[in-house]
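**Student:** Got a file for you: data.cif, mmCIF, C-alpha atoms.
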```cif
data_work
loop_
_atom_site.group_PDB
_atom_site.id
_atom_site.type_symbol
_atom_site.label_atom_id
_atom_site.label_comp_id
_atom_site.auth_asym_id
_atom_site.auth_seq_id
_atom_site.Cartn_x
_atom_site.Cartn_y
_atom_site.Cartn_z
ATOM 1 C CA MET A 3 -9.889 -6.535 17.415
ATOM 2 C CA LEU A 4 -8.594 -10.091 17.688
ATOM 3 C CA GLY A 5 -10.849 -12.459 15.801
ATOM 4 C CA VAL A 6 -12.677 -9.780 13.784
ATOM 5 C CA ASP A 7 -14.042 -11.377 10.622
ATOM 6 C CA PHE A 8 -13.735 -9.501 7.313
ATOM 7 C CA ASN A 9 -17.177 -10.699 6.238
ATOM 8 C CA SER A 10 -18.607 -9.057 9.336
ATOM 9 C CA VAL A 11 -16.695 -5.846 8.593
ATOM 10 C CA ARG A 12 -17.959 -5.964 5.011
ATOM 11 C CA ALA A 13 -21.551 -6.344 6.231
ATOM 12 C CA PHE A 14 -21.079 -3.447 8.656
ATOM 13 C CA VAL A 15 -19.756 -1.076 5.970
ATOM 14 C CA ALA A 16 -22.534 -2.075 3.569
ATOM 15 C CA ALA A 17 -25.167 -1.522 6.254
ATOM 16 C CA ALA A 18 -23.690 1.851 7.182
ATOM 17 C CA GLU A 19 -23.931 2.929 3.552
ATOM 18 C CA ALA A 20 -27.339 1.370 2.772
ATOM 19 C CA GLY A 21 -29.058 2.057 6.101
ATOM 20 C CA ARG A 22 -31.182 -1.104 5.853
ATOM 21 C CA PHE A 23 -30.147 -4.707 6.520
ATOM 22 C CA GLN A 24 -32.427 -6.051 3.808
ATOM 23 C CA ASP A 25 -30.577 -3.981 1.183
ATOM 24 C CA VAL A 26 -27.267 -5.370 2.466
ATOM 25 C CA ALA A 27 -28.630 -8.915 2.201
ATOM 26 C CA ALA A 28 -29.430 -8.357 -1.472
ATOM 27 C CA GLU A 29 -26.025 -6.744 -2.139
ATOM 28 C CA LEU A 30 -24.059 -9.534 -0.441
ATOM 29 C CA SER A 31 -26.340 -12.349 -1.666
ATOM 30 C CA ILE A 32 -27.041 -13.597 1.857
ATOM 31 C CA THR A 33 -30.153 -13.610 4.065
ATOM 32 C CA GLN A 34 -31.141 -10.667 6.234
ATOM 33 C CA GLN A 35 -30.712 -12.939 9.244
ATOM 34 C CA ALA A 36 -27.119 -13.641 8.187
ATOM 35 C CA VAL A 37 -26.451 -9.899 7.979
ATOM 36 C CA SER A 38 -27.799 -9.423 11.506
ATOM 37 C CA LYS A 39 -25.653 -12.289 12.815
ATOM 38 C CA ARG A 40 -22.483 -10.908 11.229
ATOM 39 C CA ILE A 41 -23.006 -7.446 12.668
ATOM 40 C CA ALA A 42 -23.925 -8.886 16.078
ATOM 41 C CA ALA A 43 -20.712 -10.925 16.042
ATOM 42 C CA LEU A 44 -18.701 -7.822 15.157
ATOM 43 C CA GLU A 45 -20.334 -5.834 17.968
ATOM 44 C CA LYS A 46 -19.541 -8.638 20.405
ATOM 45 C CA SER A 47 -15.939 -8.762 19.256
ATOM 46 C CA LEU A 48 -15.530 -4.994 19.607
ATOM 47 C CA GLY A 49 -17.553 -4.740 22.819
ATOM 48 C CA VAL A 50 -19.680 -1.827 21.546
ATOM 49 C CA ARG A 51 -22.991 -1.204 19.789
ATOM 50 C CA LEU A 52 -22.518 -0.134 16.186
ATOM 51 C CA PHE A 53 -26.149 0.450 15.188
ATOM 52 C CA THR A 54 -29.415 1.454 16.742
ATOM 53 C CA ARG A 55 -32.495 -0.026 15.062
ATOM 54 C CA THR A 56 -35.209 2.429 14.076
ATOM 55 C CA ALA A 57 -38.470 2.156 12.158
ATOM 56 C CA ARG A 58 -36.639 3.431 9.100
ATOM 57 C CA GLY A 59 -33.716 0.980 9.341
ATOM 58 C CA ALA A 60 -30.342 0.997 11.083
ATOM 59 C CA LYS A 61 -28.557 4.128 12.286
ATOM 60 C CA LEU A 62 -24.902 4.305 13.277
ATOM 61 C CA THR A 63 -24.126 4.911 16.940
ATOM 62 C CA ILE A 64 -21.293 7.229 17.941
ATOM 63 C CA ASP A 65 -19.042 4.158 18.171
ATOM 64 C CA GLY A 66 -20.235 3.014 14.754
ATOM 65 C CA GLN A 67 -19.397 6.404 13.267
ATOM 66 C CA ALA A 68 -15.916 6.231 14.827
ATOM 67 C CA PHE A 69 -15.322 2.699 13.544
ATOM 68 C CA LEU A 70 -16.606 3.253 9.978
ATOM 69 C CA PRO A 71 -13.501 4.916 8.394
ATOM 70 C CA HIS A 72 -11.255 2.273 9.953
ATOM 71 C CA ALA A 73 -13.533 -0.494 8.706
ATOM 72 C CA ARG A 74 -13.252 0.916 5.200
ATOM 73 C CA ASP A 75 -9.448 0.984 5.594
ATOM 74 C CA LEU A 76 -9.521 -2.680 6.638
ATOM 75 C CA LEU A 77 -11.428 -3.637 3.499
ATOM 76 C CA ARG A 78 -9.078 -1.632 1.286
ATOM 77 C CA THR A 79 -6.103 -3.332 2.936
ATOM 78 C CA GLU A 80 -7.713 -6.710 2.373
ATOM 79 C CA ALA A 81 -8.235 -5.904 -1.309
ATOM 80 C CA ARG A 82 -4.613 -4.776 -1.719
ATOM 81 C CA ALA A 83 -3.324 -7.884 0.047
ATOM 82 C CA ILE A 84 -5.330 -10.169 -2.239
ATOM 83 C CA ALA A 85 -4.309 -8.214 -5.343
ATOM 84 C CA SER A 86 -0.633 -8.461 -4.383
ATOM 85 C CA VAL A 87 -0.681 -12.216 -4.958
ATOM 86 C CA SER A 88 -3.316 -12.432 -7.666
ATOM 87 C CA PRO A 89 -2.044 -13.764 -11.023
ATOM 88 C CA GLY A 90 -0.679 -10.888 -13.040
ATOM 89 C CA ARG A 91 -1.035 -8.350 -10.225
ATOM 90 C CA ARG A 92 2.019 -9.055 -8.071
ATOM 91 C CA ALA A 93 5.213 -7.311 -9.156
ATOM 92 C CA LEU A 94 7.648 -9.550 -11.004
ATOM 93 C CA ARG A 95 10.582 -10.046 -8.627
ATOM 94 C CA VAL A 96 13.877 -10.303 -10.531
ATOM 95 C CA ASP A 97 17.435 -10.699 -9.279
ATOM 96 C CA VAL A 98 20.379 -8.935 -10.914
ATOM 97 C CA ILE A 99 23.985 -9.445 -9.907
ATOM 98 C CA GLY A 100 24.525 -5.710 -9.417
ATOM 99 C CA ARG A 101 22.717 -2.479 -10.206
ATOM 100 C CA ARG A 102 25.666 -1.066 -12.181
ATOM 101 C CA LEU A 103 26.139 -4.206 -14.258
ATOM 102 C CA ALA A 104 24.720 -5.436 -17.559
ATOM 103 C CA PRO A 105 21.778 -7.446 -16.119
ATOM 104 C CA ALA A 106 20.342 -4.261 -14.629
ATOM 105 C CA THR A 107 20.654 -2.643 -18.063
ATOM 106 C CA LEU A 108 18.877 -5.612 -19.654
ATOM 107 C CA LEU A 109 16.054 -5.377 -17.136
ATOM 108 C CA GLY A 110 15.849 -1.637 -17.773
ATOM 109 C CA ASP A 111 15.445 -2.328 -21.506
ATOM 110 C CA PHE A 112 12.563 -4.674 -20.713
ATOM 111 C CA HIS A 113 10.922 -2.085 -18.465
ATOM 112 C CA ARG A 114 11.079 0.532 -21.213
ATOM 113 C CA ALA A 115 9.554 -1.945 -23.665
ATOM 114 C CA ARG A 116 6.877 -3.059 -21.174
ATOM 115 C CA PRO A 117 6.195 -0.183 -18.755
ATOM 116 C CA ASP A 118 2.938 -1.901 -17.827
ATOM 117 C CA VAL A 119 4.840 -4.668 -16.024
ATOM 118 C CA GLU A 120 5.627 -3.814 -12.413
ATOM 119 C CA LEU A 121 9.110 -4.934 -11.358
ATOM 120 C CA ASP A 122 10.706 -5.560 -7.988
ATOM 121 C CA VAL A 123 14.504 -5.662 -8.446
ATOM 122 C CA VAL A 124 16.777 -7.397 -5.915
ATOM 123 C CA THR A 125 20.467 -8.288 -5.809
ATOM 124 C CA LEU A 126 21.502 -11.672 -4.453
ATOM 125 C CA PHE A 127 25.062 -12.773 -3.810
ATOM 126 C CA ASP A 128 25.656 -15.536 -6.332
ATOM 127 C CA ALA A 129 24.049 -18.168 -8.569
ATOM 128 C CA ASP A 130 23.526 -20.610 -5.683
ATOM 129 C CA ALA A 131 21.566 -18.002 -3.738
ATOM 130 C CA ALA A 132 19.591 -17.073 -6.845
ATOM 131 C CA VAL A 133 18.628 -20.665 -7.682
ATOM 132 C CA ALA A 134 17.631 -21.337 -4.069
ATOM 133 C CA ALA A 135 15.446 -18.207 -4.081
ATOM 134 C CA ILE A 136 13.811 -19.220 -7.370
ATOM 135 C CA ARG A 137 13.034 -22.694 -6.024
ATOM 136 C CA SER A 138 11.567 -21.292 -2.799
ATOM 137 C CA GLY A 139 9.474 -18.730 -4.673
ATOM 138 C CA THR A 140 11.252 -15.751 -3.120
ATOM 139 C CA ILE A 141 12.084 -14.425 -6.601
ATOM 140 C CA ASP A 142 10.659 -15.134 -10.037
ATOM 141 C CA ALA A 143 13.818 -14.959 -12.148
ATOM 142 C CA SER A 144 17.507 -14.115 -12.122
ATOM 143 C CA PHE A 145 20.171 -13.019 -14.601
ATOM 144 C CA ARG A 146 23.209 -15.241 -14.061
ATOM 145 C CA ALA A 147 25.997 -17.111 -15.819
ATOM 146 C CA VAL A 148 25.118 -20.832 -15.821
ATOM 147 C CA THR A 149 26.246 -23.452 -15.277
ATOM 148 C CA MET A 150 29.384 -23.540 -13.213
ATOM 149 C CA PRO A 151 32.033 -26.184 -13.949
ATOM 150 C CA GLY A 152 30.909 -29.700 -13.100
ATOM 151 C CA ARG A 153 27.468 -28.626 -11.888
ATOM 152 C CA GLN A 154 24.034 -28.640 -13.437
ATOM 153 C CA LEU A 155 20.866 -26.743 -12.629
ATOM 154 C CA PRO A 156 18.117 -28.641 -10.771
ATOM 155 C CA ASP A 157 15.514 -30.319 -12.977
ATOM 156 C CA ASP A 158 12.815 -27.803 -12.038
ATOM 157 C CA ILE A 159 14.951 -24.809 -13.059
ATOM 158 C CA GLU A 160 15.209 -23.594 -16.651
ATOM 159 C CA SER A 161 17.531 -21.071 -18.241
ATOM 160 C CA ALA A 162 18.135 -19.369 -21.550
ATOM 161 C CA ARG A 163 21.246 -17.492 -22.608
ATOM 162 C CA VAL A 164 20.034 -13.978 -23.366
ATOM 163 C CA PHE A 165 23.072 -11.746 -23.732
ATOM 164 C CA ASP A 166 26.816 -12.030 -24.368
ATOM 165 C CA GLU A 167 28.604 -9.048 -22.861
ATOM 166 C CA ARG A 168 31.995 -8.101 -24.269
ATOM 167 C CA ILE A 169 34.792 -7.813 -21.727
ATOM 168 C CA GLN A 170 37.034 -4.751 -21.881
ATOM 169 C CA LEU A 171 40.425 -3.900 -20.413
ATOM 170 C CA LEU A 172 40.491 -0.851 -18.140
ATOM 171 C CA THR A 173 43.827 0.933 -17.637
ATOM 172 C CA GLY A 174 45.217 4.175 -16.315
ATOM 173 C CA PRO A 175 46.855 6.713 -18.656
ATOM 174 C CA ALA A 176 50.408 5.598 -17.769
ATOM 175 C CA HIS A 177 49.840 1.882 -18.436
ATOM 176 C CA GLN A 178 51.866 0.304 -21.257
ATOM 177 C CA LEU A 179 48.681 -0.564 -23.166
ATOM 178 C CA ALA A 180 46.827 2.695 -22.531
ATOM 179 C CA ALA A 181 47.290 3.952 -26.099
ATOM 180 C CA ALA A 182 46.059 0.738 -27.736
ATOM 181 C CA ARG A 183 42.770 0.890 -29.638
ATOM 182 C CA ALA A 184 42.271 -2.837 -29.011
ATOM 183 C CA VAL A 185 44.186 -5.714 -27.470
ATOM 184 C CA SER A 186 43.976 -9.473 -27.730
ATOM 185 C CA PRO A 187 44.083 -11.814 -24.743
ATOM 186 C CA ALA A 188 47.551 -12.875 -25.958
ATOM 187 C CA ASP A 189 48.728 -9.262 -25.561
ATOM 188 C CA LEU A 190 47.918 -9.456 -21.851
ATOM 189 C CA VAL A 191 50.236 -12.361 -21.027
ATOM 190 C CA GLY A 192 52.685 -11.155 -18.391
ATOM 191 C CA HIS A 193 50.550 -8.138 -17.423
ATOM 192 C CA ARG A 194 48.918 -7.895 -14.008
ATOM 193 C CA ILE A 195 45.127 -7.883 -14.050
ATOM 194 C CA TRP A 196 43.819 -6.790 -10.645
ATOM 195 C CA MET A 197 40.262 -7.812 -9.648
ATOM 196 C CA PRO A 198 39.892 -7.780 -5.844
ATOM 197 C CA GLY A 199 36.093 -8.110 -6.118
ATOM 198 C CA ILE A 200 36.267 -11.713 -7.317
ATOM 199 C CA VAL A 201 34.899 -14.111 -4.680
ATOM 200 C CA PRO A 202 36.030 -17.760 -4.981
ATOM 201 C CA GLY A 203 33.155 -20.155 -5.598
ATOM 202 C CA THR A 204 30.944 -17.669 -7.435
ATOM 203 C CA GLU A 205 29.941 -17.866 -11.084
ATOM 204 C CA TRP A 206 31.979 -14.782 -11.968
ATOM 205 C CA ALA A 207 35.044 -16.309 -10.280
ATOM 206 C CA ALA A 208 34.522 -19.434 -12.402
ATOM 207 C CA TYR A 209 34.369 -17.274 -15.531
ATOM 208 C CA TYR A 210 37.595 -15.396 -14.837
ATOM 209 C CA ASP A 211 39.368 -18.577 -13.717
ATOM 210 C CA ALA A 212 38.493 -20.095 -17.090
ATOM 211 C CA LEU A 213 39.605 -16.945 -18.916
ATOM 212 C CA ALA A 214 42.948 -16.907 -17.107
ATOM 213 C CA ALA A 215 43.527 -20.600 -17.795
ATOM 214 C CA ALA A 216 42.588 -20.350 -21.476
ATOM 215 C CA PHE A 217 45.020 -17.515 -22.236
ATOM 216 C CA THR A 218 47.672 -17.933 -19.484
ATOM 217 C CA LEU A 219 46.737 -14.644 -17.858
ATOM 218 C CA THR A 220 47.614 -13.409 -14.382
ATOM 219 C CA ILE A 221 44.484 -12.274 -12.544
ATOM 220 C CA GLU A 222 45.170 -11.146 -8.991
ATOM 221 C CA ILE A 223 42.429 -10.983 -6.359
ATOM 222 C CA THR A 224 44.668 -10.006 -3.450
ATOM 223 C CA SER A 225 43.697 -7.312 -0.904
ATOM 224 C CA PRO A 226 40.240 -6.682 0.532
ATOM 225 C CA ASP A 227 37.435 -5.560 -1.745
ATOM 226 C CA PHE A 228 36.622 -1.981 -0.740
ATOM 227 C CA GLY A 229 34.355 -1.399 -3.720
ATOM 228 C CA THR A 230 34.677 -0.043 -7.237
ATOM 229 C CA GLU A 231 36.041 3.429 -6.472
ATOM 230 C CA PRO A 232 39.287 2.275 -4.746
ATOM 231 C CA VAL A 233 39.983 -0.061 -7.683
ATOM 232 C CA LEU A 234 39.543 2.795 -10.151
ATOM 233 C CA ASP A 235 41.770 5.051 -8.043
ATOM 234 C CA THR A 236 44.532 2.427 -7.918
ATOM 235 C CA VAL A 237 44.369 1.533 -11.614
ATOM 236 C CA ALA A 238 44.362 5.218 -12.593
ATOM 237 C CA ASP A 239 47.713 5.769 -10.824
ATOM 238 C CA SER A 240 49.369 2.496 -11.838
ATOM 239 C CA ARG A 241 51.788 1.759 -14.693
ATOM 240 C CA SER A 242 51.418 -2.006 -14.265
ATOM 241 C CA LEU A 243 47.902 -2.784 -12.987
ATOM 242 C CA ALA A 244 44.812 -3.068 -15.180
ATOM 243 C CA THR A 245 41.405 -4.618 -14.611
ATOM 244 C CA PHE A 246 38.575 -6.185 -16.604
ATOM 245 C CA VAL A 247 35.122 -4.636 -16.873
ATOM 246 C CA GLY A 248 31.990 -5.546 -18.761
ATOM 247 C CA GLU A 249 31.135 -3.370 -21.738
ATOM 248 C CA HIS A 250 27.835 -2.362 -20.094
ATOM 249 C CA THR A 251 29.185 -1.862 -16.576
ATOM 250 C CA ARG A 252 28.351 1.700 -15.606
ATOM 251 C CA LEU A 253 31.389 3.444 -14.157
ATOM 252 C CA ALA A 254 32.112 7.052 -13.252
ATOM 253 C CA TRP A 255 35.459 8.517 -12.274
ATOM 254 C CA PRO A 256 37.059 11.968 -11.880
ATOM 255 C CA ALA A 257 38.191 13.522 -15.157
ATOM 256 C CA ASP A 258 41.818 13.650 -14.024
ATOM 257 C CA HIS A 259 41.899 9.828 -13.679
ATOM 258 C CA GLY A 260 42.209 9.528 -17.446
ATOM 259 C CA LEU A 261 41.082 5.886 -17.425
ATOM 260 C CA ARG A 262 40.895 3.999 -20.748
ATOM 261 C CA ARG A 263 38.317 1.350 -21.706
ATOM 262 C CA ILE A 264 40.036 -0.797 -24.338
ATOM 263 C CA ASP A 265 38.239 -3.337 -26.521
ATOM 264 C CA MET A 266 39.498 -6.924 -26.630
ATOM 265 C CA ARG A 267 39.659 -8.854 -29.932
ATOM 266 C CA ASP A 268 41.052 -12.017 -31.521
ATOM 267 C CA PRO A 269 39.100 -13.427 -29.716
ATOM 268 C CA THR A 270 36.742 -11.201 -27.770
ATOM 269 C CA PRO A 271 35.943 -12.660 -24.344
ATOM 270 C CA VAL A 272 32.208 -12.436 -23.687
ATOM 271 C CA TYR A 273 30.401 -12.977 -20.406
ATOM 272 C CA PRO A 274 27.337 -15.213 -20.921
ATOM 273 C CA HIS A 275 24.293 -13.768 -19.149
ATOM 274 C CA SER A 276 21.348 -16.164 -18.869
ATOM 275 C CA LEU A 277 17.817 -15.710 -17.621
ATOM 276 C CA VAL A 278 16.969 -18.338 -14.988
ATOM 277 C CA TRP A 279 13.464 -19.253 -13.770
ATOM 278 C CA HIS A 280 11.323 -22.047 -12.300
ATOM 279 C CA ARG A 281 9.551 -24.119 -14.926
ATOM 280 C CA ASP A 282 6.252 -24.071 -12.941
ATOM 281 C CA ASN A 283 6.136 -20.324 -12.251
ATOM 282 C CA PRO A 284 2.778 -19.095 -13.661
ATOM 283 C CA HIS A 285 3.401 -15.340 -13.402
ATOM 284 C CA PRO A 286 2.284 -13.903 -16.782
ATOM 285 C CA ALA A 287 4.928 -11.170 -16.636
ATOM 286 C CA LEU A 288 7.602 -13.876 -16.487
ATOM 287 C CA ALA A 289 6.412 -15.142 -19.861
ATOM 288 C CA ALA A 290 6.617 -11.575 -21.158
ATOM 289 C CA LEU A 291 10.181 -11.270 -19.852
ATOM 290 C CA ARG A 292 11.211 -14.520 -21.556
ATOM 291 C CA ASP A 293 9.531 -13.506 -24.806
ATOM 292 C CA HIS A 294 11.314 -10.150 -24.734
ATOM 293 C CA PHE A 295 14.685 -11.875 -24.947
ATOM 294 C CA SER A 296 13.752 -14.897 -27.056
ATOM 295 C CA SER A 297 14.200 -13.096 -30.382
ATOM 296 C CA ARG A 298 17.624 -11.690 -29.524
ATOM 297 C CA ARG A 299 19.418 -14.619 -27.977
ATOM 298 C CA PRO A 300 23.119 -14.667 -28.879
ATOM 299 C CA ASP A 301 24.736 -17.335 -30.989
ATOM 300 C CA PRO A 302 27.002 -19.279 -28.581
ATOM 301 C CA SER A 303 29.232 -20.261 -31.513
ATOM 302 C CA GLU A 304 29.692 -16.716 -32.865
ATOM 303 C CA ALA A 305 33.047 -16.423 -34.602
ATOM 304 C CA GLY A 306 35.662 -14.263 -32.949
ATOM 305 C CA THR A 307 34.353 -14.614 -29.392
ATOM 306 C CA TRP A 308 35.372 -16.713 -26.425
ATOM 307 C CA THR A 309 33.407 -17.953 -23.429
ATOM 308 C CA PRO A 310 33.989 -20.948 -21.128
ATOM 309 C CA THR A 311 32.974 -24.351 -22.461
ATOM 310 C CA TRP A 312 30.632 -24.801 -19.488
ATOM 311 C CA ALA A 313 28.509 -21.779 -20.384
ATOM 312 C CA GLN A 314 25.036 -22.575 -21.637
#
```
Just give me the structure of the file as structure tokens.
**Tutor:**
Amino acid sequence: MLGVDFNSVRAFVAAAEAGRFQDVAAELSITQQAVSKRIAALEKSLGVRLFTRTARGAKLTIDGQAFLPHARDLLRTEARAIASVSPGRRALRVDVIGRRLAPATLLGDFHRARPDVELDVVTLFDADAAVAAIRSGTIDASFRAVTMPGRQLPDDIESARVFDERIQLLTGPAHQLAAARAVSPADLVGHRIWMPGIVPGTEWAAYYDALAAAFTLTIEITSPDFGTEPVLDTVADSRSLATFVGEHTRLAWPADHGLRRIDMRDPTPVYPHSLVWHRDNPHPALAALRDHFSSRRPDPSEAGTWTPTWAQ
């Protein structure tokens, strides 16, 4: 099958269905001689006869009958392959930082509003990986916090802040602050905030570094990161450890853990989620995604909230 030409396969299928080469020539807008040449080339490539010529036209040989369903499959595969990269047909490929976190919720909201848009959701490690993937065309967009301290996005990358997520304190039932309806960052001075999932050099590490510096907080990242469940287990049993979670982070724990999600106020730390994309990306669904969030962009100067000065 090496070297088989799709035009030849197309001529073969058309001839099998029409039964006459002259009808195929009219259908494909080529000469009857060109049809004959394409089918002859296909027969040479396959090493078999596909048709016998009769006074009434062309009749499939046994080999032609065997090849016909596979030839149709080849043409369907060709059509799907072309459609997969045709403008507006390829799924919009979007990166979210995690499938339990707010960006996944935001993308879910968009999908419910625009169920006609096909999405391909991926999770990349950090903002650097996301920007590199956007520039290479591996993904179309990403939800990230931008920019990190002292760094700017490349000139061909654009972003728009689309959602400010409130940060909450998560404690176990025996923690000193467990009964509080709300706390301020100042109330947390001297308390141990445990976040082993923070990876130095990432955008979320930059955010929590800035939060700790702004309010003189102690955020510990010691011990390996074994995932969310071990953190919840440890916090649930601790009188001194608490952790931060986003308001829209989806968490589940056993009922006997008795964990408390406590709002933070005066000010409320918010995590700035931005949509990031390449300025020359023509995918029409990307425009729809941007438009979806354009009318609900947060006010970066909203009273009573805090976010790092570097956040866009």
**Student:** What would the selection look like, as a ChimeraX atom specification, if the PyMOL selection byres ((chain A and resi 239) around 10) were run on the coordinates I just shared?
**Tutor:** /A:173-177,234-238,240-243,259-261
**Student:** For this structure, which residues satisfy the selection - the PyMOL selection byres ((chain A and resi 158-169) around 9) - when it is evaluated on the file as given? I want them as a PyMOL selection string.
**Tutor:** chain A and resi 104-105+108+133+136-137+145+147-148+155-157+170-171+246-250+265-266+270-282+292+295-296+298-302+307+309+313-314
**Student:** Wanna dump the region 178-219 of chain A-region 117-131 of chain A contacts at 10 Å for me, each residue with its shortest atom pair and the distance in Å to one decimal, counting only C-alpha atoms, ordered by chain and number, as CSV?
**Tutor:**
```
residue,atom,partner,partner_atom,distance
A:Val201,CA,A:Asp128,CA,9.5
A:Gly203,CA,A:Asp128,CA,8.8
A:Thr204,CA,A:Asp128,CA,5.8
A:Glu205,CA,A:Ala129,CA,6.4
A:Trp206,CA,A:Asp128,CA,8.5
```
**Student:** Provide the CA of Gly59 (chain A) to CA of Asp7 (chain A) distance in Å, to one decimal place.
**Tutor:**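 Distance reported for this atom pair: 23.3 Å.
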**Student:** How many Å separate CA of Asp268 (chain A) from CA of Leu253 (chain A)?
**Tutor:**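 Straight-line distance from CA of Asp268 (chain A) to CA of Leu253 (chain A) works out to 25.2 Å.
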**Student:** If I take CA of Ala68 (chain A) and CA of Val26 (chain A), how far is one from the other in Å, to one decimal?
**Tutor:** 20.4 Å
**Student:** Decode the PyMOL selection byres ((chain A and resi 263) around 6) for the given file into explicit residues and return them as a PDB file with C-alpha atoms, in the frame of the given file.
**Tutor:**
```pdb
ATOM      1  CA  LEU A 171      40.425  -3.900 -20.413  1.00  0.00           C
ATOM      2  CA  LEU A 172      40.491  -0.851 -18.140  1.00  0.00           C
ATOM      3  CA  ARG A 262      40.895   3.999 -20.748  1.00  0.00           C
ATOM      4  CA  ILE A 264      40.036  -0.797 -24.338  1.00  0.00           C
TER       5      ILE A 264
END
```
**Student:** May I ask you to restore all heavy atoms in region 16-22 of chain A and write the result as a PDB file, in the frame of the given file?
**Tutor:**
```pdb
ATOM      1  N   ALA A  16     -21.389  -2.096   4.489  1.00  0.00           N
ATOM      2  CA  ALA A  16     -22.534  -2.075   3.569  1.00  0.00           C
ATOM      3  C   ALA A  16     -23.787  -1.554   4.264  1.00  0.00           C
ATOM      4  O   ALA A  16     -24.564  -0.779   3.694  1.00  0.00           O
ATOM      5  CB  ALA A  16     -22.760  -3.473   3.000  1.00  0.00           C
ATOM      6  N   ALA A  17     -23.983  -1.972   5.503  1.00  0.00           N
ATOM      7  CA  ALA A  17     -25.167  -1.522   6.254  1.00  0.00           C
ATOM      8  C   ALA A  17     -25.075  -0.038   6.577  1.00  0.00           C
ATOM      9  O   ALA A  17     -26.088   0.681   6.549  1.00  0.00           O
ATOM     10  CB  ALA A  17     -25.292  -2.342   7.541  1.00  0.00           C
ATOM     11  N   ALA A  18     -23.867   0.424   6.884  1.00  0.00           N
ATOM     12  CA  ALA A  18     -23.690   1.851   7.182  1.00  0.00           C
ATOM     13  C   ALA A  18     -24.021   2.695   5.955  1.00  0.00           C
ATOM     14  O   ALA A  18     -24.571   3.802   6.074  1.00  0.00           O
ATOM     15  CB  ALA A  18     -22.254   2.109   7.634  1.00  0.00           C
ATOM     16  N   GLU A  19     -23.685   2.187   4.784  1.00  0.00           N
ATOM     17  CA  GLU A  19     -23.931   2.929   3.552  1.00  0.00           C
ATOM     18  C   GLU A  19     -25.377   2.797   3.081  1.00  0.00           C
ATOM     19  O   GLU A  19     -25.963   3.759   2.561  1.00  0.00           O
ATOM     20  CB  GLU A  19     -22.972   2.447   2.460  1.00  0.00           C
ATOM     21  CG  GLU A  19     -21.509   2.781   2.774  1.00  0.00           C
ATOM     22  CD  GLU A  19     -20.533   2.147   1.803  1.00  0.00           C
ATOM     23  OE1 GLU A  19     -20.974   1.270   1.012  1.00  0.00           O
ATOM     24  OE2 GLU A  19     -19.348   2.513   1.825  1.00  0.00           O
ATOM     25  N   ALA A  20     -25.971   1.604   3.262  1.00  0.00           N
ATOM     26  CA  ALA A  20     -27.339   1.370   2.772  1.00  0.00           C
ATOM     27  C   ALA A  20     -28.390   1.830   3.776  1.00  0.00           C
ATOM     28  O   ALA A  20     -29.464   2.311   3.397  1.00  0.00           O
ATOM     29  CB  ALA A  20     -27.532  -0.114   2.462  1.00  0.00           C
ATOM     30  N   GLY A  21     -28.111   1.657   5.069  1.00  0.00           N
ATOM     31  CA  GLY A  21     -29.058   2.057   6.101  1.00  0.00           C
ATOM     32  C   GLY A  21     -30.125   1.020   6.398  1.00  0.00           C
ATOM     33  O   GLY A  21     -30.891   1.187   7.348  1.00  0.00           O
ATOM     34  N   ARG A  22     -30.182  -0.058   5.611  1.00  0.00           N
ATOM     35  CA  ARG A  22     -31.182  -1.104   5.853  1.00  0.00           C
ATOM     36  C   ARG A  22     -30.537  -2.468   5.632  1.00  0.00           C
ATOM     37  O   ARG A  22     -29.867  -2.702   4.627  1.00  0.00           O
ATOM     38  CB  ARG A  22     -32.379  -0.947   4.903  1.00  0.00           C
ATOM     39  CG  ARG A  22     -33.145   0.338   5.085  1.00  0.00           C
ATOM     40  CD  ARG A  22     -34.535   0.268   4.461  1.00  0.00           C
ATOM     41  NE  ARG A  22     -34.484  -0.227   3.089  1.00  0.00           N
ATOM     42  CZ  ARG A  22     -35.577  -0.575   2.388  1.00  0.00           C
ATOM     43  NH1 ARG A  22     -36.775  -0.495   2.960  1.00  0.00           N
ATOM     44  NH2 ARG A  22     -35.473  -0.991   1.142  1.00  0.00           N
TER      45      ARG A  22
END
```
